[in-house]
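What follows is the content of upload38.csv (CSV, C-alpha atoms).
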chain,number,residue,atom,x,y,z
R,272,MET,CA,0.0,0.0,0.0
R,273,ARG,CA,1.4,3.4,-0.9
R,274,CYS,CA,0.7,6.0,1.7
R,275,SER,CA,3.5,8.6,1.3
R,276,THR,CA,3.2,11.9,-0.6
R,277,GLY,CA,6.9,12.4,-0.3
R,278,ALA,CA,7.6,13.8,3.2
R,279,TRP,CA,10.4,11.9,5.0
R,280,PHE,CA,8.1,10.9,7.9
R,281,GLU,CA,5.5,9.5,5.4
R,282,ASN,CA,8.3,7.7,3.6
R,283,ASP,CA,9.4,6.1,6.9
R,284,VAL,CA,5.9,4.9,7.6
R,285,GLU,CA,5.3,3.6,4.1
R,286,THR,CA,8.6,1.7,4.3
R,287,PHE,CA,7.7,0.3,7.7
R,288,ILE,CA,4.3,-0.9,6.5
R,289,GLN,CA,5.6,-2.4,3.3
R,290,THR,CA,8.8,-4.0,4.6
R,291,THR,CA,8.6,-4.5,8.3
R,292,LEU,CA,5.1,-4.5,9.8
R,293,ALA,CA,4.2,-8.1,8.9
R,294,ASP,CA,7.5,-9.5,10.3
R,295,TYR,CA,7.2,-7.3,13.3
R,296,HIS,CA,3.7,-8.6,13.9
R,297,ASP,CA,4.9,-12.3,13.7
R,298,TRP,CA,7.6,-11.6,16.3
R,299,ARG,CA,5.7,-9.4,18.7
R,300,ARG,CA,2.2,-10.8,18.7
R,301,ALA,CA,3.0,-13.4,21.2
R,302,HIS,CA,4.8,-11.0,23.5
R,303,THR,CA,2.8,-7.7,23.2
R,304,ASP,CA,-0.6,-8.7,21.7
R,305,HIS,CA,0.6,-6.8,18.6
R,306,THR,CA,-2.4,-6.2,16.4
R,307,ILE,CA,-2.8,-5.0,12.8
R,308,VAL,CA,-6.1,-3.5,11.7
R,309,GLY,CA,-6.7,-3.0,8.0
R,310,LEU,CA,-9.6,-1.5,6.0
R,311,GLU,CA,-10.1,-3.4,2.8
R,312,LEU,CA,-12.7,-2.9,0.1
R,313,ASP,CA,-13.7,-5.4,-2.5
R,314,ASP,CA,-13.1,-3.1,-5.4
R,315,LEU,CA,-10.1,-1.0,-4.0
R,316,GLY,CA,-8.2,-3.5,-1.9
R,317,LEU,CA,-6.4,-2.3,1.2
R,318,ILE,CA,-7.1,1.4,1.8
R,319,ALA,CA,-5.9,2.0,5.3
R,320,VAL,CA,-3.9,0.1,7.9
R,321,GLY,CA,-2.9,0.7,11.5
R,322,SER,CA,-1.3,-1.3,14.4
R,323,HIS,CA,-1.1,-1.2,18.2
R,324,GLU,CA,0.5,-3.3,20.9
R,325,ALA,CA,0.7,-3.4,24.7
R,326,GLU,CA,3.5,-1.7,26.6
R,327,PHE,CA,4.2,-1.0,30.2
R,328,VAL,CA,3.8,2.4,31.9
R,329,ARG,CA,4.2,3.6,35.4
R,330,ASP,CA,0.8,5.1,36.3
R,331,ALA,CA,0.1,6.5,39.7
R,332,GLY,CA,3.1,4.6,41.1
R,333,GLN,CA,1.9,1.3,39.7
R,334,VAL,CA,3.1,-0.6,36.6
R,335,ALA,CA,0.2,-0.9,34.2
R,336,THR,CA,-0.2,-2.4,30.7
R,337,SER,CA,-1.1,0.4,28.4
R,338,THR,CA,-1.2,0.7,24.6
R,339,TYR,CA,1.3,1.9,22.1
R,340,LEU,CA,-0.4,3.1,18.9
R,341,GLU,CA,2.3,2.1,16.4
R,342,CYS,CA,1.1,3.4,13.1
R,343,ALA,CA,-2.0,4.5,11.2
R,344,ALA,CA,-1.9,5.2,7.5
R,345,VAL,CA,-4.3,5.8,4.6
R,346,ARG,CA,-3.6,5.0,1.0
R,347,THR,CA,-2.2,8.1,-0.8
R,348,ASP,CA,-5.0,8.6,-3.3
R,349,LEU,CA,-7.6,8.4,-0.5
R,350,GLN,CA,-6.1,10.7,2.0
R,351,GLY,CA,-8.7,13.2,3.1
R,352,ALA,CA,-11.5,11.2,1.6
R,353,VAL,CA,-14.8,11.6,3.5
R,354,LEU,CA,-17.0,8.7,4.5
R,355,SER,CA,-20.3,10.3,4.1
R,356,GLU,CA,-22.2,7.3,5.3
R,357,VAL,CA,-20.5,7.3,8.7
R,358,GLU,CA,-22.2,9.4,11.4
R,359,PRO,CA,-20.1,12.4,12.5
R,360,LEU,CA,-18.1,11.6,15.6
R,361,ASP,CA,-17.8,15.1,17.1
R,362,ASP,CA,-18.4,18.7,16.1
R,363,ASP,CA,-20.5,17.4,13.1
R,364,ARG,CA,-17.3,17.2,11.2
R,365,PRO,CA,-17.4,14.7,8.3
R,366,VAL,CA,-15.5,11.5,9.1
R,367,THR,CA,-12.4,11.1,7.0
R,368,LEU,CA,-10.8,7.8,6.3
R,369,GLY,CA,-7.8,8.7,8.5
R,370,ARG,CA,-10.2,9.5,11.4
R,371,TYR,CA,-12.1,6.2,10.8
R,372,ILE,CA,-9.0,4.0,10.9
R,373,LEU,CA,-8.0,5.7,14.1
R,374,GLU,CA,-11.5,5.1,15.5
R,375,ALA,CA,-11.3,1.4,14.5
R,376,LEU,CA,-7.9,1.1,16.2
R,377,LEU,CA,-9.3,2.8,19.4
R,378,SER,CA,-12.3,0.6,19.3
R,379,ASP,CA,-10.1,-2.4,19.2
R,380,ILE,CA,-7.9,-1.1,21.9
R,381,ALA,CA,-10.9,-0.4,24.1
R,382,GLU,CA,-11.8,-4.1,24.0
R,383,ARG,CA,-8.4,-5.1,25.4
R,384,ALA,CA,-7.9,-5.6,29.1
R,385,ARG,CA,-5.4,-2.8,29.3
R,386,ALA,CA,-5.1,0.4,31.3
R,387,PRO,CA,-6.9,3.2,29.3
R,388,ILE,CA,-3.7,4.9,28.4
R,389,VAL,CA,-2.7,5.3,24.7
R,390,ARG,CA,0.7,6.6,23.5
R,391,ALA,CA,1.8,7.5,20.0
R,392,VAL,CA,5.0,8.9,18.5
R,393,VAL,CA,4.5,11.5,15.8
R,394,ALA,CA,7.0,13.5,13.7
R,395,ARG,CA,7.0,17.2,14.8
R,396,GLU,CA,6.6,18.2,11.2
R,397,ASN,CA,3.6,16.0,10.6
R,398,THR,CA,1.0,18.7,11.4
R,399,ARG,CA,-1.9,16.8,9.9
R,400,SER,CA,-1.3,13.8,12.2
R,401,LEU,CA,-0.8,16.1,15.2
R,402,ARG,CA,-4.1,17.8,14.5
R,403,LEU,CA,-5.8,14.4,14.2
R,404,CYS,CA,-4.2,13.3,17.5
R,405,SER,CA,-5.5,16.4,19.2
R,406,ARG,CA,-9.0,15.8,17.8
R,407,ILE,CA,-9.2,12.2,19.1
R,408,GLY,CA,-7.8,13.1,22.5
R,409,LEU,CA,-4.1,12.3,22.3
R,410,THR,CA,-3.4,15.7,23.8
R,411,ASP,CA,-0.8,15.3,26.5
R,412,GLU,CA,2.7,15.8,25.0
R,413,ARG,CA,6.2,14.9,26.0
R,414,ASP,CA,9.5,14.9,24.3
R,415,ASP,CA,10.7,11.8,22.5
R,416,PRO,CA,14.4,10.8,22.8
R,417,ASP,CA,14.6,11.4,19.0
R,418,GLU,CA,14.2,15.2,18.6
R,419,ARG,CA,12.4,14.9,15.3
R,420,PHE,CA,9.4,13.3,17.1
R,421,VAL,CA,7.0,14.1,19.9
R,422,GLN,CA,5.0,11.6,22.0
R,423,ARG,CA,1.3,12.2,22.3
R,424,ILE,CA,-0.5,10.5,25.1
R,425,GLY,CA,-4.2,10.3,26.1
R,426,ARG,CA,-6.3,8.6,28.8
R,427,MET,CA,-9.5,6.9,27.6
R,428,VAL,CA,-12.7,7.1,29.5
R,429,ALA,CA,-12.8,3.9,31.5
A,135,MET,CA,27.2,2.1,13.2
A,136,ILE,CA,28.0,-1.4,14.5
A,137,VAL,CA,26.9,-4.3,12.5
A,138,GLU,CA,27.2,-8.0,13.1
A,139,LEU,CA,29.2,-10.2,10.7
A,140,PRO,CA,26.6,-11.7,8.3
A,141,LEU,CA,29.0,-14.6,7.5
A,142,VAL,CA,30.5,-17.1,9.9
A,143,THR,CA,33.0,-20.0,9.6
A,144,ALA,CA,32.4,-23.7,10.0
A,145,ALA,CA,34.2,-23.6,13.4
A,146,GLU,CA,31.8,-21.0,14.7
A,147,ILE,CA,28.8,-23.1,13.7
A,148,ALA,CA,30.2,-26.2,15.3
A,149,ALA,CA,31.0,-24.2,18.5
A,150,GLU,CA,27.4,-22.8,18.6
A,151,TYR,CA,26.0,-26.3,18.2
A,152,ARG,CA,28.2,-28.0,20.8
A,153,PRO,CA,29.7,-25.3,23.0
A,154,GLY,CA,33.0,-26.7,24.3
A,155,GLY,CA,32.4,-29.9,22.3
A,156,GLU,CA,35.2,-32.3,21.4
A,157,ALA,CA,33.9,-33.5,18.0
A,158,THR,CA,35.8,-32.2,15.0
A,159,VAL,CA,34.3,-29.3,13.1
A,160,LYS,CA,34.1,-31.3,9.9
A,161,ALA,CA,32.3,-34.2,11.4
A,162,THR,CA,29.8,-31.9,13.2
A,163,LEU,CA,29.0,-30.0,10.0
A,164,ARG,CA,28.7,-33.1,8.0
A,165,ARG,CA,26.1,-34.5,10.4
A,166,LEU,CA,24.2,-31.2,10.4
A,167,ARG,CA,24.3,-30.9,6.7
A,168,ALA,CA,23.0,-34.5,6.2
A,169,ARG,CA,19.9,-33.6,8.2
A,170,ASP,CA,19.4,-30.2,6.4
A,171,LEU,CA,19.9,-28.4,9.7
A,172,ILE,CA,22.4,-25.9,8.2
A,173,SER,CA,22.9,-24.5,4.7
A,174,ALA,CA,25.7,-25.4,2.3
A,175,GLY,CA,27.6,-22.2,2.7
A,176,VAL,CA,29.5,-20.3,0.0
A,177,ALA,CA,32.9,-21.6,-1.1
A,178,GLU,CA,35.5,-19.5,-2.9
A,179,TYR,CA,38.8,-20.6,-4.3
A,180,PRO,CA,41.1,-17.6,-4.4
A,181,ARG,CA,43.9,-17.9,-6.9
A,182,GLY,CA,47.5,-17.2,-6.1
A,183,VAL,CA,50.7,-17.1,-8.3
A,184,ALA,CA,50.1,-17.9,-11.9
A,185,GLY,CA,46.4,-18.3,-11.3
A,186,ARG,CA,46.8,-21.4,-9.2
A,187,VAL,CA,44.1,-22.2,-6.7
A,188,ALA,CA,45.5,-21.2,-3.3
A,189,GLY,CA,43.2,-23.1,-0.9
A,190,ALA,CA,39.4,-22.8,-0.3
A,191,TRP,CA,37.5,-20.3,1.7
A,192,HIS,CA,34.2,-21.5,2.9
A,193,VAL,CA,31.8,-19.3,4.9
A,194,TYR,CA,28.2,-19.6,5.9
A,195,SER,CA,25.3,-17.2,6.5
A,196,ALA,CA,25.2,-16.2,10.2
A,197,LEU,CA,21.6,-17.4,10.3
A,198,ASN,CA,23.1,-20.9,10.6
A,199,LEU,CA,24.1,-20.0,14.2
A,200,ASP,CA,20.3,-19.6,14.9
A,201,ALA,CA,19.6,-22.8,13.0
A,202,VAL,CA,22.0,-24.9,15.1
A,203,ARG,CA,20.8,-23.4,18.3
A,204,ALA,CA,17.3,-24.5,17.4
A,205,ALA,CA,18.7,-27.9,16.5
A,206,ARG,CA,20.4,-28.1,19.8
A,207,ALA,CA,17.1,-27.4,21.5
A,208,HIS,CA,15.6,-30.3,19.5
A,209,ASP,CA,13.5,-28.0,17.4
A,210,GLU,CA,14.5,-29.5,14.0
A,211,PRO,CA,11.6,-28.0,12.0
A,212,ALA,CA,12.6,-24.5,13.1
A,213,ALA,CA,16.3,-25.3,12.4
A,214,LYS,CA,15.4,-26.5,8.9
A,215,THR,CA,13.3,-23.4,8.2
A,216,ILE,CA,16.1,-21.1,9.3
A,217,ALA,CA,18.7,-23.1,7.3
A,218,LYS,CA,16.6,-22.8,4.2
A,219,ARG,CA,16.5,-19.0,4.6
A,220,ALA,CA,20.3,-19.1,5.2
A,221,ALA,CA,20.7,-20.9,1.9
A,222,HIS,CA,18.5,-18.3,0.2
A,223,ILE,CA,20.8,-15.5,1.4
A,224,GLU,CA,23.9,-17.5,0.4
A,225,SER,CA,22.5,-18.1,-3.1
A,226,ARG,CA,22.0,-14.5,-3.8
A,227,ARG,CA,24.3,-13.2,-6.5
A,228,ALA,CA,25.3,-10.2,-4.3
A,229,THR,CA,26.4,-12.5,-1.5
A,230,VAL,CA,28.4,-14.8,-3.8
A,231,GLU,CA,30.1,-11.7,-5.2
A,232,PHE,CA,30.7,-10.3,-1.8
A,233,VAL,CA,32.4,-13.5,-0.6
A,234,ARG,CA,34.5,-13.6,-3.7
A,235,ARG,CA,35.7,-10.1,-3.0
A,236,LEU,CA,36.4,-10.9,0.7
A,237,ALA,CA,38.3,-14.0,-0.3
A,238,GLU,CA,40.7,-11.8,-2.4
A,239,LEU,CA,41.7,-9.9,0.7
A,240,GLY,CA,44.5,-12.0,1.9
A,241,GLY,CA,44.7,-15.6,2.9
A,242,SER,CA,45.7,-15.3,6.6
A,243,ALA,CA,43.4,-12.5,7.7
A,244,SER,CA,40.7,-13.2,10.2
A,245,LEU,CA,37.1,-12.7,9.1
A,246,ARG,CA,36.9,-9.5,11.2
A,247,ARG,CA,39.9,-8.0,9.4
A,248,ARG,CA,38.6,-8.9,6.0
A,249,PHE,CA,35.3,-7.2,6.7
A,250,GLU,CA,37.0,-4.2,8.2
A,251,TRP,CA,39.2,-3.8,5.2
A,252,ALA,CA,36.3,-4.4,2.8
A,253,SER,CA,34.2,-1.8,4.5
A,254,SER,CA,36.9,0.8,4.6
A,255,LEU,CA,38.3,0.3,1.2
A,256,ASP,CA,35.3,0.1,-1.0
A,257,ASP,CA,32.0,2.0,-0.8
A,258,GLU,CA,30.3,-0.6,-3.0
A,259,LEU,CA,31.5,-3.4,-0.8
A,260,ARG,CA,30.4,-1.6,2.3
A,261,ALA,CA,26.9,-1.0,0.9
A,262,ALA,CA,26.8,-4.7,-0.1
A,263,LEU,CA,27.8,-5.6,3.5
A,264,VAL,CA,25.1,-3.5,5.0
A,265,ALA,CA,22.5,-5.0,2.7
A,266,VAL,CA,23.5,-8.6,3.6
A,267,VAL,CA,23.4,-7.7,7.3
A,268,ALA,CA,20.0,-6.1,6.9
A,269,GLU,CA,18.6,-9.2,5.2
A,270,THR,CA,20.1,-11.5,7.8
A,271,VAL,CA,18.6,-9.4,10.6
A,272,ALA,CA,15.2,-9.2,8.9
A,273,GLU,CA,15.1,-13.0,8.4
A,274,ARG,CA,16.1,-13.6,12.0
A,275,ASN,CA,13.4,-11.2,13.3
A,276,ARG,CA,10.9,-13.2,11.3
A,277,LEU,CA,12.0,-16.6,12.3
A,278,VAL,CA,13.6,-16.4,15.8
A,279,HIS,CA,11.4,-15.2,18.6
A,280,ASP,CA,13.6,-15.7,21.5
A,281,THR,CA,14.9,-12.2,22.4
A,282,THR,CA,17.7,-13.4,24.6
A,283,SER,CA,19.4,-15.2,21.7
A,284,VAL,CA,19.4,-12.2,19.4
A,285,PRO,CA,22.9,-10.7,19.0
A,286,ARG,CA,23.5,-7.6,21.2
A,287,LEU,CA,26.0,-5.2,19.7
A,288,ALA,CA,28.8,-3.9,22.0
A,289,LEU,CA,32.1,-2.1,22.0
A,290,VAL,CA,35.2,-2.9,24.1
A,291,ALA,CA,35.3,0.2,26.4
A,292,ALA,CA,38.2,-0.6,28.7
A,293,MET,CA,40.6,-3.3,29.8
A,294,HIS,CA,41.0,-4.0,33.5
A,295,GLY,CA,43.6,-6.7,34.4
A,296,GLU,CA,42.2,-9.9,33.0
A,297,LEU,CA,38.8,-8.5,32.1
A,298,ALA,CA,37.6,-6.4,29.2
A,299,GLU,CA,34.7,-4.1,29.9
A,300,LEU,CA,32.0,-4.0,27.1
A,301,MET,CA,29.4,-1.4,26.6
A,302,LEU,CA,26.2,-2.8,25.1
A,303,GLU,CA,24.1,-0.7,22.7
A,304,GLY,CA,20.9,0.3,24.4
A,305,ALA,CA,22.1,-0.7,27.9
A,306,GLU,CA,23.6,1.4,30.8
A,307,ALA,CA,25.4,-1.3,32.7
A,308,PRO,CA,28.7,-2.7,31.3
A,309,VAL,CA,29.4,-6.4,30.8
A,310,SER,CA,32.9,-7.9,31.5
A,311,ILE,CA,34.5,-10.7,29.6
A,312,PRO,CA,38.0,-12.4,30.0
A,313,ILE,CA,40.6,-10.8,27.7
A,314,PRO,CA,42.0,-14.2,26.5
A,315,ASP,CA,38.6,-14.9,25.0
A,316,LEU,CA,38.7,-11.7,23.1
A,317,GLU,CA,42.2,-12.4,21.9
A,318,LEU,CA,40.9,-15.6,20.2
A,319,LEU,CA,38.5,-13.3,18.4
A,320,ASP,CA,41.1,-10.8,17.3
A,321,SER,CA,39.1,-8.4,19.4
A,322,ALA,CA,41.3,-7.6,22.5
A,323,PHE,CA,41.5,-3.9,22.0
A,324,VAL,CA,39.6,-0.9,23.1
A,325,GLY,CA,37.0,0.1,20.4
A,326,ALA,CA,36.7,-3.5,19.1
A,327,ALA,CA,33.1,-4.2,18.1
A,328,LEU,CA,31.4,-7.4,19.2
A,329,ALA,CA,28.1,-9.1,18.8
A,330,LEU,CA,27.1,-10.9,22.1
A,331,ARG,CA,24.6,-13.7,22.4
A,332,PHE,CA,23.2,-14.7,25.7
A,333,GLU,CA,21.7,-18.1,26.4
A,334,ARG,CA,19.9,-18.8,29.6
A,335,PHE,CA,20.0,-22.3,31.0
A,336,GLY,CA,18.1,-21.4,34.2
A,337,ARG,CA,19.2,-21.6,37.8
A,338,GLY,CA,21.7,-18.8,37.4
A,339,GLN,CA,23.5,-20.2,34.4
A,340,THR,CA,23.9,-18.0,31.4
A,341,LEU,CA,26.1,-18.6,28.5
A,342,LEU,CA,27.6,-15.5,26.9
A,343,LYS,CA,29.1,-15.9,23.5
A,344,ALA,CA,31.0,-13.1,21.8
A,345,ALA,CA,31.6,-12.9,18.1
A,346,PRO,CA,33.4,-10.1,16.2
A,347,ALA,CA,31.3,-7.3,14.7
A,348,ILE,CA,32.3,-4.3,12.7
A,349,LYS,CA,32.2,-0.7,13.4
A,350,LEU,CA,31.5,1.3,10.3
A,351,ASP,CA,32.8,4.8,10.4
A,352,GLY,CA,31.2,7.7,8.5
A,353,GLY,CA,28.1,7.3,6.4
A,354,ASP,CA,24.7,7.7,8.0
A,355,ASP,CA,24.4,7.2,11.7
A,356,SER,CA,21.5,4.8,11.5
A,357,ARG,CA,21.9,1.5,13.4
A,358,ILE,CA,20.9,-1.9,12.5
A,359,TYR,CA,19.5,-3.2,15.7
A,360,PRO,CA,18.2,-6.7,15.9
A,361,TYR,CA,14.8,-5.1,16.5
A,362,GLU,CA,14.0,-1.5,16.1
A,363,ARG,CA,12.2,-1.2,19.4
A,364,PRO,CA,12.9,-3.5,22.3
A,365,LEU,CA,10.1,-5.5,23.8
A,366,PRO,CA,8.4,-3.7,26.6
A,367,SER,CA,9.5,-4.8,30.1
A,368,THR,CA,7.8,-4.6,33.4
A,369,ASP,CA,11.3,-3.9,34.9
A,370,ALA,CA,11.5,-0.7,32.9
A,371,PRO,CA,8.1,0.8,32.5
A,372,ILE,CA,7.7,4.1,30.7
A,373,ALA,CA,7.4,6.9,33.2
A,374,LEU,CA,4.6,9.1,32.0
A,375,ALA,CA,3.9,10.9,35.3
A,376,ALA,CA,5.1,14.2,33.9
A,377,ALA,CA,3.0,13.9,30.8
A,378,ILE,CA,-0.3,12.3,31.6
A,379,GLY,CA,-3.1,13.7,33.7
A,380,ALA,CA,-5.7,11.7,35.6
A,381,THR,CA,-8.6,13.3,33.6
A,382,PRO,CA,-9.6,11.3,30.5
A,383,THR,CA,-8.9,12.9,27.2
A,384,LEU,CA,-10.0,10.2,24.9
A,385,ARG,CA,-13.7,9.5,24.7
A,386,ARG,CA,-14.8,5.9,24.6
A,387,PRO,CA,-14.9,5.0,20.9
A,388,ARG,CA,-18.0,3.5,19.4
A,389,ARG,CA,-17.6,-0.2,18.8
A,390,ILE,CA,-16.5,-1.1,15.3
A,391,PRO,CA,-16.7,-4.8,14.7
A,392,ILE,CA,-13.4,-6.1,13.3
A,393,ALA,CA,-13.3,-9.3,11.3
A,394,GLY,CA,-10.4,-11.8,11.5
A,395,PRO,CA,-8.4,-13.5,14.3
A,396,ARG,CA,-7.5,-11.8,17.5
Would it be possible to restate this file's structure as C-alpha cells?
Amino acid sequence: MRCSTGAWFENDVETFIQTTLADYHDWRRAHTDHTIVGLELDDLGLIAVGSHEAEFVRDAGQVATSTYLECAAVRTDLQGAVLSEVEPLDDDRPVTLGRYILEALLSDIAERARAPIVRAVVARENTRSLRLCSRIGLTDERDDPDERFVQRIGRMVA
Amino acid sequence: MIVELPLVTAAEIAAEYRPGGEATVKATLRRLRARDLISAGVAEYPRGVAGRVAGAWHVYSALNLDAVRAARAHDEPAAKTIAKRAAHIESRRATVEFVRRLAELGGSASLRRRFEWASSLDDELRAALVAVVAETVAERNRLVHDTTSVPRLALVAAMHGELAELMLEGAEAPVSIPIPDLELLDSAFVGAALALRFERFGRGQTLLKAAPAIKLDGGDDSRIYPYERPLPSTDAPIALAAAIGATPTLRRPRRIPIAGPR
C-alpha cells in the first residue's frame, strides 16, 4: 500500500508498513498482543492500515499495561476522503478515512484488558497527524528521545 | 554504526551447536548438513601465483548460528526453516560476489579483518555488506522469537587486568569478559566491536558468546538493531507521570466490529 506523498516521515511509515510490519507482527504478537487492523474494500483492496500493541507504563506509582499506537496510514490517493455514510463523531465534522482507521484502532484497543492509556509517537513536522491526535484526545505531550518526534498521550474514559 | 558479521565460519557453527564440544568441526558440520539443519555455505577458491588455486575459503550465513541453536534445542523443524533462509541468502548473487571479494583480501586475515578492510576500502562493498546484514537481521526477526538469543552489539570500552569491559548498545550497565577470550576473536583492543549472544539455561546459568562485529565509520548514523524497538519490560516501564493527567482525554470510541483473528 502506498501512503506517502513524499515527506520523510511519510516515507518512513510507508517503508515500515511495506517491509517490516508483517514480520514485526509475527515476532511481537506473542509478547505484546501486537495487532494490525486493516480496512479493505472489495473493489479497492487495502485502503488503510494501523497497528497497536501493549506496553508498560508507570501510572500513579503502579506498573500498568497500556497501549502503544504504532502506526496508522491511509492510501495516498484516498487521504482526506470523507466517509459520508458514517455518522459524525464530534463537532459534526465529516468523518475522514484517517479518522475512521484511528476510530477502528481505538475501538479495538478499548476491548483489550489494558489500562486506558494510549501513547503514539508523531513527527513534529507532521502537522496533519498532530491535529488528528488532538482531535481524538491524544493531547498530552512529552519529548521523544529522538528530537524529530514528539510523544502524544491520552487517557481513555474507563 | 556497528553491524554483526553476516557470514561465519564452520568452526563458529560447530561451537554454537556444541559449546566446548570435542567433536571435529568437519564431522559436526557433515552431520548437520546430512539432516538439512544448516545450509551449504558459499565456497570461494582464491587464486595465487600464476592463477593457481590457493586453498578454499568456505563461509556460511550467520543465520546458521540460529539454526544450530534451534537444532540443539531439539527443534529440528525450526532449524530446517532457518537453514533454508540461510541458503537463500547464500545463493544471492550479491552474497556470492561479496564472498569472492572478501576471499581476495589475503589468505591469513581473520574474518573480522577482512570485513573491516572491505568496508573501509570500497563503498560498493560496504553497501553490499550493510545489505547482507540487513537481510540477515530481517530474516532472524521473522524466524527467531527468543529475544535473549538475538545478538546484542557492543564495543570494548576498557581493559582491567584480566577482564575487558564491554558497553552494550541500548544498555547502561557494562558487561565484562575475559581478555583471553577476546584475543581468540582478534578483538582484544579498546574500540573493538562485538556481537554478544546470551543463552539462559536457568538456575543462574547464562552462557555468553562473543563474536566479532564491525564498526563502520562515516556514512549515515543509523543503526541496524536486531529489532528497532525493544520488547516492553515490566522492569523498565515508561514513566509518564510528567505527561499524563488523571482526567480522561479520549472519549470511549463507538464499537466497530473487526473481522479476523484476534
Counting only C-alpha atoms, a student should be able to say which residues of chain R come within 6 Å of chain A; what is the right answer, written as a PDB file with C-alpha atoms, in the frame of the given file?
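Just written: iface13.pdb:
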ATOM      1  CA  ASP R 294       7.500  -9.500  10.300  1.00  0.00           C
ATOM      2  CA  TRP R 298       7.600 -11.600  16.300  1.00  0.00           C
ATOM      3  CA  GLU R 326       3.500  -1.700  26.600  1.00  0.00           C
ATOM      4  CA  PHE R 327       4.200  -1.000  30.200  1.00  0.00           C
ATOM      5  CA  VAL R 328       3.800   2.400  31.900  1.00  0.00           C
ATOM      6  CA  ARG R 329       4.200   3.600  35.400  1.00  0.00           C
ATOM      7  CA  ALA R 375     -11.300   1.400  14.500  1.00  0.00           C
ATOM      8  CA  SER R 378     -12.300   0.600  19.300  1.00  0.00           C
ATOM      9  CA  GLY R 408      -7.800  13.100  22.500  1.00  0.00           C
ATOM     10  CA  ASP R 411      -0.800  15.300  26.500  1.00  0.00           C
ATOM     11  CA  ARG R 413       6.200  14.900  26.000  1.00  0.00           C
ATOM     12  CA  GLY R 425      -4.200  10.300  26.100  1.00  0.00           C
ATOM     13  CA  ARG R 426      -6.300   8.600  28.800  1.00  0.00           C
ATOM     14  CA  MET R 427      -9.500   6.900  27.600  1.00  0.00           C
ATOM     15  CA  VAL R 428     -12.700   7.100  29.500  1.00  0.00           C
TER      16      VAL R 428
END
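Residues with any atom within 12 Å of Arg406 (chain R), counting all atoms listed in the file and excluding same-chain neighbours fewer than 6 positions away, are Leu360, Asp361, Asp362, Arg364, Val366, Gly369, Arg370, Leu373, Glu374, Arg399, Ser400, Arg423 and Gly425 of chain R; Thr383, Leu384 and Arg385 of chain A.
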Using only C-alpha atoms, what residues lie at most 7 Å away from (25.8, 1.4, 20.8) (file coordinates), given as a ChimeraX atom specification?
/A:287-288,302-304
Can I get the selected residues back with C-alpha atoms, as a short mmCIF file (atom, residue, chain, number, x, y, z; two decimals), in the frame of the given file?
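So part_39.cif came out as:
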data_model
loop_
_atom_site.label_atom_id
_atom_site.label_comp_id
_atom_site.auth_asym_id
_atom_site.auth_seq_id
_atom_site.Cartn_x
_atom_site.Cartn_y
_atom_site.Cartn_z
CA LEU A 287 26.00 -5.20 19.70
CA ALA A 288 28.80 -3.90 22.00
CA LEU A 302 26.20 -2.80 25.10
CA GLU A 303 24.10 -0.70 22.70
CA GLY A 304 20.90 0.30 24.40
#
Given all atoms listed in the file as the counted atoms, nearest of A:Leu171, A:Ala307, A:Ala228, A:Leu342 to Val264 (chain A)
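Counting all atoms listed in the file, the residue closest to Val264 (chain A) is A:Ala228.
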Length of the CA of Ser321 (chain A) to CA of Ala345 (chain A) vector [Å]
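Separating CA of Ser321 (chain A) from CA of Ala345 (chain A) is a distance of 8.8 Å.
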Applying 9 Å and only C-alpha atoms, which residues near Gln350 (chain R) remain after dropping the ones on its own chain fewer than 6 positions away? List them as a PDB file with C-alpha atoms, in the coordinates of the input.
ATOM      1  CA  CYS R 274       0.700   6.000   1.700  1.00  0.00           C
ATOM      2  CA  ALA R 344      -1.900   5.200   7.500  1.00  0.00           C
ATOM      3  CA  THR R 367     -12.400  11.100   7.000  1.00  0.00           C
ATOM      4  CA  LEU R 368     -10.800   7.800   6.300  1.00  0.00           C
ATOM      5  CA  GLY R 369      -7.800   8.700   8.500  1.00  0.00           C
TER       6      GLY R 369
END
Near Glu356 (chain R), counting only C-alpha atoms, which residues have an atom at most 10 Å away, once you skip same-chain residues fewer than 2 positions from it, shown as a short mmCIF file (atom, residue, chain, number, x, y, z; two decimals) with C-alpha atoms, keeping the file's coordinate frame?
data_model
loop_
_atom_site.label_atom_id
_atom_site.label_comp_id
_atom_site.auth_asym_id
_atom_site.auth_seq_id
_atom_site.Cartn_x
_atom_site.Cartn_y
_atom_site.Cartn_z
CA VAL R 353 -14.80 11.60 3.50
CA LEU R 354 -17.00 8.70 4.50
CA GLU R 358 -22.20 9.40 11.40
CA PRO R 359 -20.10 12.40 12.50
CA PRO R 365 -17.40 14.70 8.30
CA VAL R 366 -15.50 11.50 9.10
#
Residue with smallest distance to Phe323 (chain A) - pool A:Val142, A:Leu297, A:Leu341, A:Ala201, counting all atoms listed in the file
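Checking each of A:Val142, A:Leu297, A:Leu341, A:Ala201 against Phe323 (chain A), counting all atoms listed in the file, the winner is A:Leu297.
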Non-local contacts of Arg390 (chain R) (6 Å; all atoms listed in the file; under 5 positions in same chain excluded) as a PyMOL selection string:
chain R and resi 339-340+423-424
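Take CA of Leu310 (chain R) and CA of Asp379 (chain R): the distance between them is 13.2 Å.
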Compare A:Val284, A:Val230, A:Lys349, A:Gly155 by their minimum atom-to-atom distance to Arg331 (chain A), counting all atoms listed in the file, and give me the closest one.
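Among the listed residues, A:Val284 lies closest to Arg331 (chain A).
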Selection: 10 Å around Ala344 (chain A), all atoms listed in the file, excl. self and same-chain fewer than 3 positions, as a list in words
Pro285, Arg286, Leu287, Ala288, Ile311, Asp315, Leu316, Leu319, Ser321, Ala327, Leu328, Ala329, Leu330, Arg331, Phe332, Leu341 and Ala347 of chain A
Just checking: using all atoms listed in the file, which residue out of R:Asp330, R:Asp415, R:Glu324, R:Asp348 ends up closest to Ala301 (chain R)?
R:Glu324
d(CA of Arg346 (chain R), CA of Ser275 (chain R)) in Å
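So the two atoms, CA of Arg346 (chain R) and CA of Ser275 (chain R), lie 8.0 Å apart.
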Please return, as number ranges by chain, all polymer residues that have at least one atom within 12 Å of the point (28.9, -19.1, 15.2); use only C-alpha atoms and the file's own coordinate frame.
A: 138-153, 159, 172, 193-203, 285, 319, 329-331, 343-346
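When all atoms listed in the file are used to measure the gap to Phe280 (chain R), the shortest distance among R:Glu396, R:Glu311, R:Asp297, R:Glu382 belongs to R:Glu396.
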